[in-house]
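These notes concern the structure reproduced below.
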Amino acid sequence: MNGEIPEIPHEKMTWLEGELRTAYAEHEKEMRRSIDISAGFFDKLSALDGGSIALAASVIIALTAKPEFASGRAREIVHGLVVIVILLWASLISAVLHNFLAVRIAVHDAQLSEIEFLRTIIRKTLVVAKETVPELDNSVLDQVEKISQEQPAGKQKKIVDRKEFLLPTVRIVGYVSGGTFLVAYTLVVFYLFKLW
């Protein structure tokens, strides 16, 4: 080589730009998914839990203010409502924790996407370099590619390990949230029947 930088042919640049745009679009999709993941079922469940807790607290205050509160039946219903509120709080906290963990998983997905995006950039750029400058030593380019692929491997393994821990955890927390919500509303129906 005489020190001149060879000009990359237009069709190679167009191809490289297309490949990079495709990789970036995939990366961007993962990033958007990580932001949008917090919306959904557990957001609605959190809102429903919060509203139900407020309603149950109002009913408890109204019942305890009545002079008949001293009777055993009213006390039993108030105690039942307190249990319902505790279950709704457990459901609310579990739903919020579920969303937090789900967002963490989405962040890990986005990080993995970013690593893959960078690897794609390096691979595609090296292909163009090999084809454009045949005088380049292929062993050096292969070594550059090997190093660039190995460098993020440690970070990628940590991310995958965290994600594999979070996946069953988020599922269990989701079951706890949904289960305590169902038990709470089953008790609501039970105590409504007792009122009649």
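Every chain in the structure tokens takes a letter, A first, then B, and so on in the order presented; its residues are numbered from 1, and the ligands are numbered from 1 following the presented order.
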Test item: residues at most 8 Å from segment 172-183 of chain A, only C-alpha atoms, excluding those fewer than 3 positions along its chain, as a PDB file with N, CA, C and O atoms, in the first residue's frame:
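Saved result, out-v4.pdb, follows:
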```
ATOM      1  N   PHE A  42     -50.693  -5.449  34.091  1.00  0.00           N
ATOM      2  CA  PHE A  42     -50.361  -5.140  35.475  1.00  0.00           C
ATOM      3  C   PHE A  42     -50.484  -3.660  35.786  1.00  0.00           C
ATOM      4  O   PHE A  42     -50.692  -3.291  36.942  1.00  0.00           O
ATOM      5  N   ASP A  49     -56.396  -2.051  41.793  1.00  0.00           N
ATOM      6  CA  ASP A  49     -56.056  -2.271  43.209  1.00  0.00           C
ATOM      7  C   ASP A  49     -56.142  -0.964  43.994  1.00  0.00           C
ATOM      8  O   ASP A  49     -56.723  -0.926  45.085  1.00  0.00           O
ATOM      9  N   LEU A  87     -54.959  -7.814  51.208  1.00  0.00           N
ATOM     10  CA  LEU A  87     -54.748  -8.592  49.978  1.00  0.00           C
ATOM     11  C   LEU A  87     -54.592  -7.675  48.756  1.00  0.00           C
ATOM     12  O   LEU A  87     -53.754  -7.927  47.877  1.00  0.00           O
ATOM     13  N   LEU A  88     -55.404  -6.611  48.714  1.00  0.00           N
ATOM     14  CA  LEU A  88     -55.289  -5.667  47.595  1.00  0.00           C
ATOM     15  C   LEU A  88     -53.950  -4.937  47.617  1.00  0.00           C
ATOM     16  O   LEU A  88     -53.354  -4.683  46.563  1.00  0.00           O
ATOM     17  N   ALA A  90     -51.181  -6.212  48.808  1.00  0.00           N
ATOM     18  CA  ALA A  90     -50.208  -7.216  48.340  1.00  0.00           C
ATOM     19  C   ALA A  90     -50.260  -7.330  46.820  1.00  0.00           C
ATOM     20  O   ALA A  90     -49.218  -7.409  46.152  1.00  0.00           O
ATOM     21  N   SER A  91     -51.470  -7.303  46.265  1.00  0.00           N
ATOM     22  CA  SER A  91     -51.622  -7.360  44.810  1.00  0.00           C
ATOM     23  C   SER A  91     -51.026  -6.129  44.146  1.00  0.00           C
ATOM     24  O   SER A  91     -50.332  -6.224  43.121  1.00  0.00           O
ATOM     25  N   LEU A  92     -51.275  -4.963  44.717  1.00  0.00           N
ATOM     26  CA  LEU A  92     -50.748  -3.710  44.168  1.00  0.00           C
ATOM     27  C   LEU A  92     -49.222  -3.695  44.195  1.00  0.00           C
ATOM     28  O   LEU A  92     -48.572  -3.386  43.189  1.00  0.00           O
ATOM     29  N   ILE A  93     -48.651  -4.050  45.333  1.00  0.00           N
ATOM     30  CA  ILE A  93     -47.187  -4.058  45.442  1.00  0.00           C
ATOM     31  C   ILE A  93     -46.585  -5.082  44.482  1.00  0.00           C
ATOM     32  O   ILE A  93     -45.585  -4.814  43.811  1.00  0.00           O
ATOM     33  N   SER A  94     -47.212  -6.248  44.374  1.00  0.00           N
ATOM     34  CA  SER A  94     -46.726  -7.272  43.445  1.00  0.00           C
ATOM     35  C   SER A  94     -46.835  -6.807  41.993  1.00  0.00           C
ATOM     36  O   SER A  94     -45.942  -7.072  41.184  1.00  0.00           O
ATOM     37  N   ALA A  95     -47.924  -6.111  41.656  1.00  0.00           N
ATOM     38  CA  ALA A  95     -48.099  -5.617  40.287  1.00  0.00           C
ATOM     39  C   ALA A  95     -47.037  -4.571  39.944  1.00  0.00           C
ATOM     40  O   ALA A  95     -46.466  -4.581  38.848  1.00  0.00           O
ATOM     41  N   LEU A  97     -44.071  -4.316  41.405  1.00  0.00           N
ATOM     42  CA  LEU A  97     -42.812  -5.050  41.337  1.00  0.00           C
ATOM     43  C   LEU A  97     -42.710  -5.817  40.013  1.00  0.00           C
ATOM     44  O   LEU A  97     -41.651  -5.853  39.381  1.00  0.00           O
ATOM     45  N   HIS A  98     -43.822  -6.407  39.597  1.00  0.00           N
ATOM     46  CA  HIS A  98     -43.848  -7.110  38.305  1.00  0.00           C
ATOM     47  C   HIS A  98     -43.452  -6.165  37.176  1.00  0.00           C
ATOM     48  O   HIS A  98     -42.620  -6.501  36.333  1.00  0.00           O
ATOM     49  N   PRO A 168     -38.164 -16.069  35.505  1.00  0.00           N
ATOM     50  CA  PRO A 168     -39.077 -16.800  36.407  1.00  0.00           C
ATOM     51  C   PRO A 168     -39.559 -15.940  37.575  1.00  0.00           C
ATOM     52  O   PRO A 168     -40.677 -16.105  38.060  1.00  0.00           O
ATOM     53  N   THR A 169     -38.716 -15.011  38.027  1.00  0.00           N
ATOM     54  CA  THR A 169     -39.099 -14.141  39.144  1.00  0.00           C
ATOM     55  C   THR A 169     -40.287 -13.270  38.766  1.00  0.00           C
ATOM     56  O   THR A 169     -41.242 -13.143  39.535  1.00  0.00           O
ATOM     57  N   THR A 186     -62.858 -12.424  45.664  1.00  0.00           N
ATOM     58  CA  THR A 186     -63.696 -13.551  46.098  1.00  0.00           C
ATOM     59  C   THR A 186     -64.236 -13.263  47.497  1.00  0.00           C
ATOM     60  O   THR A 186     -65.417 -13.523  47.792  1.00  0.00           O
ATOM     61  N   LEU A 187     -63.385 -12.696  48.355  1.00  0.00           N
ATOM     62  CA  LEU A 187     -63.846 -12.316  49.694  1.00  0.00           C
ATOM     63  C   LEU A 187     -64.884 -11.199  49.642  1.00  0.00           C
ATOM     64  O   LEU A 187     -65.806 -11.167  50.460  1.00  0.00           O
TER      65      LEU A 187
END
```
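Residues with any atom within 9 Å of Ala23 of chain A, counting only C-alpha atoms and excluding same-chain neighbours fewer than 2 positions away, are Gly18, Glu19, Leu20, Arg21, Ala25, Glu26, His27, Glu28, Glu116, Phe117, Leu118, Thr120 and Ile121 of chain A.
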Could the residues in this selection be written to a file with C-alpha atoms, as a PDB file, in the first residue's frame?
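Final output, result_38.pdb:
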```
ATOM      1  CA  GLY A  18     -28.635  -0.584   3.876  1.00  0.00           C
ATOM      2  CA  GLU A  19     -27.221  -3.297   6.136  1.00  0.00           C
ATOM      3  CA  LEU A  20     -26.547  -0.802   8.913  1.00  0.00           C
ATOM      4  CA  ARG A  21     -30.012   0.726   8.600  1.00  0.00           C
ATOM      5  CA  ALA A  25     -34.061  -0.576  12.805  1.00  0.00           C
ATOM      6  CA  GLU A  26     -33.975  -3.875  14.697  1.00  0.00           C
ATOM      7  CA  HIS A  27     -32.083  -2.228  17.538  1.00  0.00           C
ATOM      8  CA  GLU A  28     -34.535   0.674  17.638  1.00  0.00           C
ATOM      9  CA  GLU A 116     -25.668  -7.372  18.394  1.00  0.00           C
ATOM     10  CA  PHE A 117     -26.050  -4.072  16.547  1.00  0.00           C
ATOM     11  CA  LEU A 118     -22.395  -3.197  17.229  1.00  0.00           C
ATOM     12  CA  THR A 120     -23.244  -6.251  12.895  1.00  0.00           C
ATOM     13  CA  ILE A 121     -21.603  -2.892  12.225  1.00  0.00           C
TER      14      ILE A 121
END
```
(request) Rank A:Asp161, A:Pro134, A:Ile8, A:Asp43 by their smallest atom-to-atom distance to Phe100 of chain A, using only C-alpha atoms, and report the top residue only. (result)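 Nearest candidate to Phe100 of chain A out of A:Asp161, A:Pro134, A:Ile8, A:Asp43: A:Asp43.
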(message) I'd like the contact shell of Leu101 of chain A - 9 Å cut-off, only C-alpha atoms, skipping same-chain residues fewer than 5 positions apart - returned as number ranges by chain.
(response) A: 96, 106, 166-167, 169-170
Any chance you can output those residues with C-alpha atoms as an mmCIF file, in the first residue's frame?
```
data_model
loop_
_atom_site.group_PDB
_atom_site.id
_atom_site.type_symbol
_atom_site.label_atom_id
_atom_site.label_comp_id
_atom_site.auth_asym_id
_atom_site.auth_seq_id
_atom_site.Cartn_x
_atom_site.Cartn_y
_atom_site.Cartn_z
ATOM 1 C CA VAL A 96 -45.717 -2.667 40.658
ATOM 2 C CA ALA A 106 -36.776 -5.172 28.499
ATOM 3 C CA LEU A 166 -35.535 -12.261 36.233
ATOM 4 C CA LEU A 167 -37.775 -14.247 33.859
ATOM 5 C CA THR A 169 -39.099 -14.141 39.144
ATOM 6 C CA VAL A 170 -41.346 -11.822 37.144
#
```
(message) If we count only C-alpha atoms and set the cut-off at 12 Å, which residues sit around Pro152 of chain A, ignoring sequence neighbours fewer than 3 positions away in its own chain? Please answer as a ChimeraX atom specification.
(response) /A:111-119,146-149,155-159
